[in-house]
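*Asks:* I have a structure I would like to understand better, so I am pasting it below and will then ask my questions one at a time.
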Amino acid sequence: MTPQSIASFSLTGKVALVTGGASGIGTGIAAVLAEAGATVVIADIEEPKAAKQVAALTEAGHSAGAVHIDLADEASIVRGCAEVVSRYGTPWVLVNNAGLQDRQLLLEGTAAEWDRMNKVNGRGPFLMTREIARAMVATKGQGGRIVNIATAALVGSIVKGLSAYVGSKGALFALSRASALELVDYGITVNTVLPGGVATPGAIAAKGPPVEGPARRRPPLGVCEPRDIGAAVLFFATPAARYITNQVLAVDGGFSVT
Ligand SMILES: NC(=O)c1ccc[n+]([C@@H]2O[C@H](COP(=O)([O-])OP(=O)(O)OC[C@H]3O[C@@H](n4cnc5c(N)ncnc54)[C@H](O)[C@@H]3O)[C@@H](O)[C@H]2O)c1
């Protein structure tokens with residue numbers, strides 16, 4: 001395939017593994033990648049919700065499946081990733097999207113909350129990246145794409161109560177850089193998307209103190225939809241983006257210009 005031909009923007013024949021694809025931003029990412037031709041595999045703890053998304057994608061004429069993975073549990077990740085590879089083949093793209101986003105004020109902060117948040121948002125993507133990158137490397141000459149979903153709170157769009165959350169997303173951001181270096185020789189790129197606020201089930205139900213801080217400002221480009229994040233992920237996921245790694249893209253509706 002000629003690099004940057006229009007065909008290189010397609011994911012036809014490729015497998016895309018999306019963690020947290022059963023809800024919110026993950027559903028938007030899954031839909032956009034499926035529309036680009038990928039077989040989308042949703043990895044989530046919420047099996048009925050994942051099955052509902054798979055049914056919606058299938059009804060729309062796409063190829064999709066789901067695998068139960070609990071990102072807080074290493075054995076579940078190892079087993080689930082092996083299941084993905086044996087049932088669907090080695091993923092071309094892994095999107096580390098699933099995450100917890102509860103708030104807790106720093107002065108009331110607990111080690112337990114820090115650990116809970118980091119287990120899913122930091123350690124989980126580390127283990128997912130290890131497992132899927134091993135499979136990509138073993139599939140010689142394949143290469144691959146890893147896209148990590150951090151948060152625009154790392155670059156300004158923040159509210160109070162996010163110390164454990166941004167700590168965990170900072171770890172994910174740093175993981176992107178470290179894994180980009182170690183995987184570049186295998187043709188595997190690692191890039192990061194920073195979403196601004198999206199009114200998802202998880203964001204709406206997030207526990208914690210009232211939402212106060214700079215991120216309460218309305219972004220000039222208006223409301224963000226899950227598919228807006230999916231569009232940025234799709235770009236990094238395509239064969240066309242072969243020359244781009246260790247990069248960061250904020251999808252925050254122009255928040256930075258306000
Ligand atoms: N919504 C926002 O405003 C916003 C902003 C910036 C970044 N983000 C990030 O985007 C990602 C998606 O957020 P969302 O708002 O769509 O959340 P959401 O809660 O609506 O969806 C998250 C999904 O992750 C799954 N999940 C949670 N814990 C899991 C675990 N242990 N193992 C496997 N799956 C698990 C949930 O079941 C759910 O399907 C998160 O990483 C979040 O931090 C969200």
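By convention in this document, the chains of the structure tokens carry letters A, B, ... by their order, each chain's residues are numbered from 1, and ligands are numbered from 1 in the order they are shown.
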If we count only C-alpha atoms and set the cut-off at 10 Å, which residues sit around Thr129 in chain A, ignoring sequence neighbours fewer than 6 positions away in its own chain? Please answer as a ChimeraX atom specification.
*Replies:* /A:81,94-96,123,135,146-148,175-176,179,190
*Asks:* Using DSSP on the backbone coordinates, identify all residues within range 9-244 of chain A classified as helix (DSSP H, G or I); present the result as a CSV table (one decimal) with N, CA and C atoms, in the first residue's frame.
*Replies:*
```csv
chain,number,residue,atom,x,y,z
A,9,PHE,N,-5.9,5.1,4.9
A,9,PHE,CA,-6.7,5.6,6.0
A,9,PHE,C,-7.8,4.6,6.4
A,24,GLY,N,-19.7,5.4,27.1
A,24,GLY,CA,-19.1,6.7,26.9
A,24,GLY,C,-18.2,6.9,25.7
A,25,ILE,N,-17.0,7.5,26.0
A,25,ILE,CA,-16.1,7.7,24.9
A,25,ILE,C,-15.7,6.5,24.2
A,26,GLY,N,-15.6,5.3,24.9
A,26,GLY,CA,-15.2,4.1,24.3
A,26,GLY,C,-16.2,3.7,23.2
A,27,THR,N,-17.5,4.0,23.4
A,27,THR,CA,-18.5,3.6,22.3
A,27,THR,C,-18.3,4.4,21.1
A,28,GLY,N,-17.9,5.7,21.3
A,28,GLY,CA,-17.6,6.6,20.1
A,28,GLY,C,-16.3,6.1,19.4
A,29,ILE,N,-15.3,5.7,20.1
A,29,ILE,CA,-14.1,5.2,19.5
A,29,ILE,C,-14.4,3.9,18.8
A,30,ALA,N,-15.2,3.0,19.4
A,30,ALA,CA,-15.5,1.7,18.8
A,30,ALA,C,-16.3,1.9,17.5
A,31,ALA,N,-17.2,2.8,17.5
A,31,ALA,CA,-18.1,3.1,16.3
A,31,ALA,C,-17.2,3.6,15.2
A,32,VAL,N,-16.4,4.6,15.4
A,32,VAL,CA,-15.6,5.2,14.4
A,32,VAL,C,-14.6,4.2,13.8
A,33,LEU,N,-13.9,3.4,14.6
A,33,LEU,CA,-13.0,2.4,14.1
A,33,LEU,C,-13.7,1.3,13.3
A,34,ALA,N,-14.9,0.9,13.8
A,34,ALA,CA,-15.7,-0.1,13.0
A,34,ALA,C,-16.1,0.5,11.7
A,35,GLU,N,-16.5,1.8,11.6
A,35,GLU,CA,-16.9,2.4,10.4
A,35,GLU,C,-15.7,2.5,9.4
A,47,GLU,N,-20.2,-6.7,31.2
A,47,GLU,CA,-20.5,-7.6,30.0
A,47,GLU,C,-21.8,-7.3,29.3
A,48,PRO,N,-22.9,-7.1,30.1
A,48,PRO,CA,-24.2,-6.8,29.3
A,48,PRO,C,-24.1,-5.5,28.5
A,49,LYS,N,-23.4,-4.5,29.0
A,49,LYS,CA,-23.3,-3.3,28.3
A,49,LYS,C,-22.4,-3.5,27.0
A,50,ALA,N,-21.3,-4.3,27.2
A,50,ALA,CA,-20.5,-4.6,26.1
A,50,ALA,C,-21.2,-5.3,25.0
A,51,ALA,N,-22.0,-6.3,25.4
A,51,ALA,CA,-22.8,-7.1,24.5
A,51,ALA,C,-23.8,-6.2,23.7
A,52,LYS,N,-24.3,-5.2,24.4
A,52,LYS,CA,-25.3,-4.3,23.7
A,52,LYS,C,-24.6,-3.4,22.6
A,53,GLN,N,-23.3,-3.0,22.9
A,53,GLN,CA,-22.6,-2.3,21.9
A,53,GLN,C,-22.2,-3.2,20.8
A,54,VAL,N,-21.8,-4.4,21.1
A,54,VAL,CA,-21.5,-5.3,20.0
A,54,VAL,C,-22.7,-5.5,19.1
A,55,ALA,N,-23.9,-5.7,19.7
A,55,ALA,CA,-25.1,-5.9,18.9
A,55,ALA,C,-25.4,-4.6,18.1
A,56,ALA,N,-25.2,-3.5,18.6
A,56,ALA,CA,-25.4,-2.2,17.9
A,56,ALA,C,-24.5,-2.1,16.7
A,57,LEU,N,-23.2,-2.5,16.9
A,57,LEU,CA,-22.2,-2.4,15.8
A,57,LEU,C,-22.6,-3.5,14.7
A,58,THR,N,-22.9,-4.6,15.2
A,58,THR,CA,-23.2,-5.7,14.2
A,58,THR,C,-24.5,-5.4,13.4
A,59,GLU,N,-25.5,-4.8,14.1
A,59,GLU,CA,-26.7,-4.4,13.4
A,59,GLU,C,-26.4,-3.4,12.3
A,74,GLU,N,-4.3,-8.5,37.0
A,74,GLU,CA,-3.3,-8.9,36.0
A,74,GLU,C,-3.7,-10.2,35.3
A,75,ALA,N,-4.2,-11.2,36.1
A,75,ALA,CA,-4.5,-12.5,35.6
A,75,ALA,C,-5.7,-12.3,34.5
A,76,SER,N,-6.6,-11.4,34.8
A,76,SER,CA,-7.7,-11.2,33.9
A,76,SER,C,-7.2,-10.6,32.6
A,77,ILE,N,-6.3,-9.7,32.7
A,77,ILE,CA,-5.7,-9.0,31.5
A,77,ILE,C,-4.9,-10.1,30.7
A,78,VAL,N,-4.1,-10.9,31.3
A,78,VAL,CA,-3.3,-11.9,30.6
A,78,VAL,C,-4.2,-12.9,29.9
A,79,ARG,N,-5.2,-13.4,30.6
A,79,ARG,CA,-6.2,-14.3,30.0
A,79,ARG,C,-7.0,-13.7,28.9
A,80,GLY,N,-7.5,-12.5,29.2
A,80,GLY,CA,-8.3,-11.8,28.2
A,80,GLY,C,-7.6,-11.4,26.9
A,81,CYS,N,-6.4,-11.0,27.0
A,81,CYS,CA,-5.6,-10.7,25.8
A,81,CYS,C,-5.3,-11.9,25.0
A,82,ALA,N,-5.0,-13.0,25.7
A,82,ALA,CA,-4.8,-14.3,25.0
A,82,ALA,C,-6.1,-14.7,24.3
A,83,GLU,N,-7.2,-14.5,24.9
A,83,GLU,CA,-8.5,-14.8,24.3
A,83,GLU,C,-8.7,-14.0,23.0
A,84,VAL,N,-8.4,-12.7,23.1
A,84,VAL,CA,-8.6,-11.8,22.0
A,84,VAL,C,-7.7,-12.3,20.8
A,85,VAL,N,-6.5,-12.7,21.1
A,85,VAL,CA,-5.6,-13.1,20.0
A,85,VAL,C,-6.1,-14.4,19.4
A,86,SER,N,-6.5,-15.3,20.2
A,86,SER,CA,-6.9,-16.6,19.7
A,86,SER,C,-8.3,-16.5,19.0
A,87,ARG,N,-9.2,-15.7,19.5
A,87,ARG,CA,-10.5,-15.6,18.8
A,87,ARG,C,-10.5,-14.7,17.6
A,88,TYR,N,-9.8,-13.6,17.6
A,88,TYR,CA,-9.9,-12.6,16.6
A,88,TYR,C,-8.6,-12.4,15.8
A,106,LEU,N,-7.6,16.9,47.6
A,106,LEU,CA,-6.3,16.5,48.1
A,106,LEU,C,-6.1,16.4,49.6
A,107,LEU,N,-6.7,17.4,50.3
A,107,LEU,CA,-6.6,17.4,51.7
A,107,LEU,C,-7.4,16.3,52.4
A,108,GLU,N,-8.3,15.7,51.7
A,108,GLU,CA,-9.0,14.5,52.2
A,108,GLU,C,-8.6,13.2,51.6
A,111,ALA,N,-4.7,7.0,50.5
A,111,ALA,CA,-3.8,6.1,49.8
A,111,ALA,C,-4.7,5.0,49.0
A,112,ALA,N,-5.8,4.6,49.7
A,112,ALA,CA,-6.6,3.6,49.0
A,112,ALA,C,-7.2,4.1,47.7
A,113,GLU,N,-7.6,5.4,47.7
A,113,GLU,CA,-8.2,6.0,46.5
A,113,GLU,C,-7.1,6.1,45.4
A,114,TRP,N,-6.0,6.6,45.8
A,114,TRP,CA,-4.8,6.7,44.9
A,114,TRP,C,-4.5,5.3,44.2
A,115,ASP,N,-4.5,4.3,45.1
A,115,ASP,CA,-4.2,2.9,44.6
A,115,ASP,C,-5.3,2.4,43.7
A,116,ARG,N,-6.5,2.6,44.0
A,116,ARG,CA,-7.6,2.2,43.2
A,116,ARG,C,-7.6,2.8,41.8
A,117,MET,N,-7.4,4.1,41.8
A,117,MET,CA,-7.4,4.8,40.5
A,117,MET,C,-6.2,4.4,39.7
A,118,ASN,N,-5.0,4.3,40.3
A,118,ASN,CA,-3.8,4.0,39.5
A,118,ASN,C,-3.8,2.5,39.0
A,119,LYS,N,-4.5,1.7,39.8
A,119,LYS,CA,-4.6,0.3,39.3
A,119,LYS,C,-5.3,0.1,38.0
A,120,VAL,N,-6.3,0.9,37.8
A,120,VAL,CA,-7.1,0.8,36.6
A,120,VAL,C,-6.5,1.7,35.5
A,121,ASN,N,-6.2,3.0,35.9
A,121,ASN,CA,-5.8,4.0,34.9
A,121,ASN,C,-4.3,3.9,34.5
A,122,GLY,N,-3.5,3.4,35.4
A,122,GLY,CA,-2.1,3.4,35.1
A,122,GLY,C,-1.5,2.0,34.9
A,123,ARG,N,-1.7,1.2,35.9
A,123,ARG,CA,-1.2,-0.2,35.8
A,123,ARG,C,-1.9,-1.0,34.8
A,124,GLY,N,-3.2,-0.8,34.7
A,124,GLY,CA,-4.0,-1.6,33.7
A,124,GLY,C,-3.5,-1.4,32.3
A,125,PRO,N,-3.4,-0.1,31.8
A,125,PRO,CA,-2.8,0.1,30.5
A,125,PRO,C,-1.4,-0.4,30.3
A,126,PHE,N,-0.6,-0.3,31.3
A,126,PHE,CA,0.8,-0.9,31.3
A,126,PHE,C,0.7,-2.4,30.9
A,127,LEU,N,-0.1,-3.1,31.7
A,127,LEU,CA,-0.2,-4.5,31.4
A,127,LEU,C,-0.9,-4.9,30.1
A,128,MET,N,-1.9,-4.1,29.7
A,128,MET,CA,-2.5,-4.3,28.4
A,128,MET,C,-1.5,-4.1,27.3
A,129,THR,N,-0.7,-3.0,27.4
A,129,THR,CA,0.3,-2.7,26.4
A,129,THR,C,1.4,-3.8,26.3
A,130,ARG,N,1.8,-4.3,27.5
A,130,ARG,CA,2.8,-5.4,27.5
A,130,ARG,C,2.2,-6.6,26.7
A,131,GLU,N,1.0,-7.0,27.1
A,131,GLU,CA,0.4,-8.2,26.5
A,131,GLU,C,0.2,-8.1,25.0
A,132,ILE,N,-0.4,-7.0,24.6
A,132,ILE,CA,-0.8,-6.8,23.2
A,132,ILE,C,0.5,-6.5,22.3
A,133,ALA,N,1.4,-5.7,22.9
A,133,ALA,CA,2.7,-5.5,22.2
A,133,ALA,C,3.5,-6.8,22.0
A,134,ARG,N,3.4,-7.7,23.0
A,134,ARG,CA,4.1,-9.0,22.8
A,134,ARG,C,3.5,-9.7,21.6
A,135,ALA,N,2.2,-9.7,21.5
A,135,ALA,CA,1.5,-10.4,20.4
A,135,ALA,C,1.8,-9.7,19.1
A,136,MET,N,1.9,-8.4,19.1
A,136,MET,CA,2.2,-7.6,17.8
A,136,MET,C,3.6,-8.0,17.4
A,137,VAL,N,4.5,-8.0,18.3
A,137,VAL,CA,6.0,-8.3,18.0
A,137,VAL,C,6.1,-9.7,17.5
A,138,ALA,N,5.3,-10.6,18.1
A,138,ALA,CA,5.4,-12.0,17.7
A,138,ALA,C,4.9,-12.2,16.3
A,152,ALA,N,-7.3,16.0,29.1
A,152,ALA,CA,-6.8,17.4,28.9
A,152,ALA,C,-6.6,18.1,30.3
A,153,ALA,N,-7.0,17.4,31.4
A,153,ALA,CA,-6.7,18.0,32.7
A,153,ALA,C,-5.1,18.0,32.9
A,154,LEU,N,-4.4,17.3,32.1
A,154,LEU,CA,-2.9,17.3,32.2
A,154,LEU,C,-2.4,18.6,31.6
A,155,VAL,N,-3.1,19.3,30.8
A,155,VAL,CA,-2.6,20.5,30.2
A,155,VAL,C,-3.5,21.7,30.4
A,163,SER,N,-6.4,15.0,42.1
A,163,SER,CA,-5.0,14.6,42.3
A,163,SER,C,-4.7,13.2,42.0
A,164,ALA,N,-5.6,12.2,42.5
A,164,ALA,CA,-5.3,10.8,42.2
A,164,ALA,C,-5.5,10.5,40.7
A,165,TYR,N,-6.6,11.2,40.1
A,165,TYR,CA,-6.9,10.9,38.7
A,165,TYR,C,-5.8,11.4,37.8
A,166,VAL,N,-5.3,12.7,38.0
A,166,VAL,CA,-4.3,13.2,37.1
A,166,VAL,C,-3.0,12.5,37.4
A,167,GLY,N,-2.8,12.0,38.7
A,167,GLY,CA,-1.6,11.2,38.9
A,167,GLY,C,-1.6,10.0,38.1
A,168,SER,N,-2.7,9.3,38.0
A,168,SER,CA,-2.8,8.1,37.2
A,168,SER,C,-2.7,8.4,35.7
A,169,LYS,N,-3.3,9.5,35.3
A,169,LYS,CA,-3.2,9.8,33.8
A,169,LYS,C,-1.8,10.3,33.5
A,170,GLY,N,-1.1,11.0,34.4
A,170,GLY,CA,0.3,11.4,34.2
A,170,GLY,C,1.1,10.1,34.0
A,171,ALA,N,0.8,9.1,34.8
A,171,ALA,CA,1.5,7.8,34.6
A,171,ALA,C,1.3,7.2,33.2
A,172,LEU,N,0.0,7.3,32.8
A,172,LEU,CA,-0.3,6.8,31.4
A,172,LEU,C,0.4,7.6,30.3
A,173,PHE,N,0.5,8.9,30.5
A,173,PHE,CA,1.1,9.8,29.6
A,173,PHE,C,2.6,9.5,29.5
A,174,ALA,N,3.2,9.2,30.7
A,174,ALA,CA,4.7,8.8,30.7
A,174,ALA,C,4.9,7.4,30.1
A,175,LEU,N,3.9,6.6,30.3
A,175,LEU,CA,4.0,5.2,29.8
A,175,LEU,C,4.0,5.3,28.2
A,176,SER,N,3.2,6.3,27.7
A,176,SER,CA,3.2,6.4,26.2
A,176,SER,C,4.6,6.7,25.7
A,177,ARG,N,5.3,7.6,26.4
A,177,ARG,CA,6.6,8.0,25.9
A,177,ARG,C,7.6,6.8,26.0
A,178,ALA,N,7.6,6.1,27.2
A,178,ALA,CA,8.5,5.0,27.4
A,178,ALA,C,8.2,3.8,26.4
A,179,SER,N,6.9,3.6,26.2
A,179,SER,CA,6.6,2.5,25.3
A,179,SER,C,6.8,2.8,23.8
A,180,ALA,N,6.6,4.1,23.5
A,180,ALA,CA,7.0,4.6,22.1
A,180,ALA,C,8.4,4.2,21.8
A,181,LEU,N,9.3,4.5,22.7
A,181,LEU,CA,10.7,4.2,22.5
A,181,LEU,C,11.0,2.7,22.3
A,182,GLU,N,10.4,1.9,23.2
A,182,GLU,CA,10.7,0.5,23.2
A,182,GLU,C,10.0,-0.2,22.1
A,183,LEU,N,9.0,0.3,21.5
A,183,LEU,CA,8.3,-0.4,20.5
A,183,LEU,C,8.6,0.1,19.1
A,184,VAL,N,9.3,1.3,19.0
A,184,VAL,CA,9.5,1.9,17.7
A,184,VAL,C,10.2,1.0,16.7
A,185,ASP,N,11.1,0.2,17.2
A,185,ASP,CA,11.9,-0.7,16.3
A,185,ASP,C,11.0,-1.8,15.6
A,186,TYR,N,9.8,-2.0,16.2
A,186,TYR,CA,8.9,-3.0,15.7
A,186,TYR,C,7.8,-2.4,14.8
A,201,PRO,N,-21.7,8.6,30.7
A,201,PRO,CA,-22.2,8.0,32.0
A,201,PRO,C,-21.2,8.0,33.1
A,202,GLY,N,-19.9,7.7,32.8
A,202,GLY,CA,-18.9,7.8,33.9
A,202,GLY,C,-18.6,9.1,34.4
A,203,ALA,N,-18.6,10.1,33.5
A,203,ALA,CA,-18.3,11.5,34.0
A,203,ALA,C,-19.5,12.0,34.8
A,204,ILE,N,-20.7,11.7,34.4
A,204,ILE,CA,-21.9,12.2,35.1
A,204,ILE,C,-22.0,11.5,36.5
A,205,ALA,N,-21.7,10.3,36.5
A,205,ALA,CA,-21.8,9.5,37.8
A,205,ALA,C,-20.6,9.6,38.7
A,214,PRO,N,-11.0,25.6,36.5
A,214,PRO,CA,-11.0,26.2,35.1
A,214,PRO,C,-11.8,25.4,34.1
A,215,ALA,N,-11.9,24.1,34.3
A,215,ALA,CA,-12.6,23.2,33.2
A,215,ALA,C,-14.1,23.5,33.2
A,216,ARG,N,-14.6,24.3,34.1
A,216,ARG,CA,-16.0,24.6,34.1
A,216,ARG,C,-16.3,25.6,32.9
A,226,PRO,N,-18.5,11.7,22.1
A,226,PRO,CA,-17.5,10.6,22.1
A,226,PRO,C,-16.9,10.4,20.8
A,227,ARG,N,-17.7,10.6,19.7
A,227,ARG,CA,-17.1,10.4,18.3
A,227,ARG,C,-16.0,11.4,18.0
A,228,ASP,N,-16.0,12.6,18.6
A,228,ASP,CA,-14.9,13.5,18.4
A,228,ASP,C,-13.6,12.9,18.9
A,229,ILE,N,-13.7,12.2,20.0
A,229,ILE,CA,-12.4,11.5,20.5
A,229,ILE,C,-12.1,10.4,19.5
A,230,GLY,N,-13.1,9.7,19.1
A,230,GLY,CA,-12.9,8.6,18.1
A,230,GLY,C,-12.2,9.0,16.8
A,231,ALA,N,-12.5,10.3,16.4
A,231,ALA,CA,-11.9,10.8,15.1
A,231,ALA,C,-10.4,10.9,15.3
A,232,ALA,N,-10.0,11.4,16.5
A,232,ALA,CA,-8.5,11.6,16.7
A,232,ALA,C,-7.8,10.2,16.9
A,233,VAL,N,-8.5,9.3,17.5
A,233,VAL,CA,-8.0,8.0,17.7
A,233,VAL,C,-7.8,7.3,16.3
A,234,LEU,N,-8.8,7.5,15.5
A,234,LEU,CA,-8.8,6.9,14.1
A,234,LEU,C,-7.5,7.3,13.4
A,235,PHE,N,-7.2,8.6,13.4
A,235,PHE,CA,-6.1,9.1,12.7
A,235,PHE,C,-4.8,8.4,13.2
A,236,PHE,N,-4.6,8.3,14.5
A,236,PHE,CA,-3.4,7.7,15.0
A,236,PHE,C,-3.4,6.2,14.6
A,237,ALA,N,-4.6,5.6,14.5
A,237,ALA,CA,-4.7,4.1,14.3
A,237,ALA,C,-4.5,3.7,12.9
A,239,PRO,N,-2.9,3.0,9.1
A,239,PRO,CA,-1.6,2.9,8.5
A,239,PRO,C,-1.0,4.2,8.0
A,240,ALA,N,-1.9,5.2,7.6
A,240,ALA,CA,-1.4,6.5,7.1
A,240,ALA,C,-0.5,7.2,8.2
A,241,ALA,N,-0.8,6.9,9.4
A,241,ALA,CA,0.0,7.6,10.5
A,241,ALA,C,1.3,6.9,10.9
```
*Asks:* Compare A:Gly61, A:Gly187, A:Pro219, A:Gly109 by their minimum atom-to-atom distance to Arg145 in chain A, counting only C-alpha atoms, and give me the closest one.
*Replies:*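 Nearest candidate to Arg145 in chain A out of A:Gly61, A:Gly187, A:Pro219, A:Gly109: A:Gly187.
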*Asks:* To test your reading of the structure, identify every residue in range 11-168 of chain A that backbone DSSP assigns to strand (DSSP E or B), and report it as a PyMOL selection string.
*Replies:* chain A and resi 15-19+39-44+63-68+93-96+104+144-149+162
*Asks:* Give me a file of those residues, with C-alpha atoms, as a PDB file, in the first residue's frame.
*Replies:*
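part36.pdb, freshly written:
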```
ATOM      1  CA  VAL A  15      -8.528  -5.871  14.552  1.00  0.00           C
ATOM      2  CA  ALA A  16      -9.005  -2.973  16.978  1.00  0.00           C
ATOM      3  CA  LEU A  17      -9.099  -3.697  20.725  1.00  0.00           C
ATOM      4  CA  VAL A  18     -10.821  -0.944  22.712  1.00  0.00           C
ATOM      5  CA  THR A  19     -10.840  -1.081  26.509  1.00  0.00           C
ATOM      6  CA  THR A  39     -13.215  -5.691  13.571  1.00  0.00           C
ATOM      7  CA  VAL A  40     -13.708  -4.015  16.935  1.00  0.00           C
ATOM      8  CA  VAL A  41     -13.220  -6.018  20.114  1.00  0.00           C
ATOM      9  CA  ILE A  42     -14.523  -4.397  23.282  1.00  0.00           C
ATOM     10  CA  ALA A  43     -12.665  -5.252  26.503  1.00  0.00           C
ATOM     11  CA  ASP A  44     -14.719  -4.276  29.541  1.00  0.00           C
ATOM     12  CA  SER A  63     -17.733  -6.733  12.646  1.00  0.00           C
ATOM     13  CA  ALA A  64     -17.469  -6.688  16.460  1.00  0.00           C
ATOM     14  CA  GLY A  65     -16.991  -8.824  19.568  1.00  0.00           C
ATOM     15  CA  ALA A  66     -16.370  -8.513  23.284  1.00  0.00           C
ATOM     16  CA  VAL A  67     -14.007 -10.029  25.819  1.00  0.00           C
ATOM     17  CA  HIS A  68     -14.329  -9.697  29.587  1.00  0.00           C
ATOM     18  CA  VAL A  93      -4.530  -1.307  17.314  1.00  0.00           C
ATOM     19  CA  LEU A  94      -4.954  -1.228  21.075  1.00  0.00           C
ATOM     20  CA  VAL A  95      -6.850   1.742  22.518  1.00  0.00           C
ATOM     21  CA  ASN A  96      -6.251   2.084  26.262  1.00  0.00           C
ATOM     22  CA  GLN A 104     -11.367  13.392  45.979  1.00  0.00           C
ATOM     23  CA  GLY A 144       0.805  -1.826  15.169  1.00  0.00           C
ATOM     24  CA  ARG A 145      -0.781   1.153  16.857  1.00  0.00           C
ATOM     25  CA  ILE A 146      -1.320   1.934  20.511  1.00  0.00           C
ATOM     26  CA  VAL A 147      -3.440   4.942  21.444  1.00  0.00           C
ATOM     27  CA  ASN A 148      -3.677   5.984  25.084  1.00  0.00           C
ATOM     28  CA  ILE A 149      -6.606   8.079  26.328  1.00  0.00           C
ATOM     29  CA  LEU A 162      -8.357  15.271  40.547  1.00  0.00           C
TER      30      LEU A 162
END
```
*Asks:* Looking at only C-alpha atoms, which of A:Thr139, A:Asn246, A:Ser8, A:Thr110 is the one that sits closest to Trp92 in chain A?
*Replies:*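 Smallest separation from Trp92 in chain A among the options: A:Thr139.
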*Asks:* Considering only C-alpha atoms, can you say which of A:Ile69, A:Leu105, A:Ala199, A:Ile45 comes closest to Glu212 in chain A?
*Replies:*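 Closest to Glu212 in chain A of all the choices is A:Leu105.
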*Asks:* Quick one: distance from CA of Ile244 in chain A to CA of Ala36 in chain A in Å, one decimal?
*Replies:* 19.2 Å
*Asks:* Can you tell me how far CA of Val223 in chain A sits from atom 4 (C, counted along the ligand's line) of ligand 1, in Å to one decimal?
*Replies:*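 Atom 4 (C, counted along the ligand's line) of ligand 1 lies at a distance of 12.2 Å from CA of Val223 in chain A.
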*Asks:* Using only C-alpha atoms and all ligand atoms, can you tell me which of A:Asp102, A:Glu225, A:Asp252, A:Glu46 comes closest to ligand 1?
*Replies:*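 Going through A:Asp102, A:Glu225, A:Asp252, A:Glu46 one by one, the smallest distance to ligand 1 is for A:Glu46.
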*Asks:* So the first atom is CA of Asp73 in chain A and the second is atom 36 (C, counted along the ligand's line) of ligand 1; what is the distance between them in Å, to one decimal place?
*Replies:*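 We find that CA of Asp73 in chain A and atom 36 (C, counted along the ligand's line) of ligand 1 lie 14.1 Å from each other.
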*Asks:* Pick out the closest residue to ligand 1 from this set: A:Val193, A:Ala38, A:Leu11, A:Ile188. Count only C-alpha atoms and all ligand atoms.
*Replies:*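 Closest candidate: A:Val193.
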*Asks:* Measuring between only C-alpha atoms, which one of A:Ala72, A:Ile6, A:Ala250, A:Ala206 shows the shortest distance to Cys224 in chain A?
*Replies:*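 Among the listed residues, the smallest separation from Cys224 in chain A belongs to A:Ala250.
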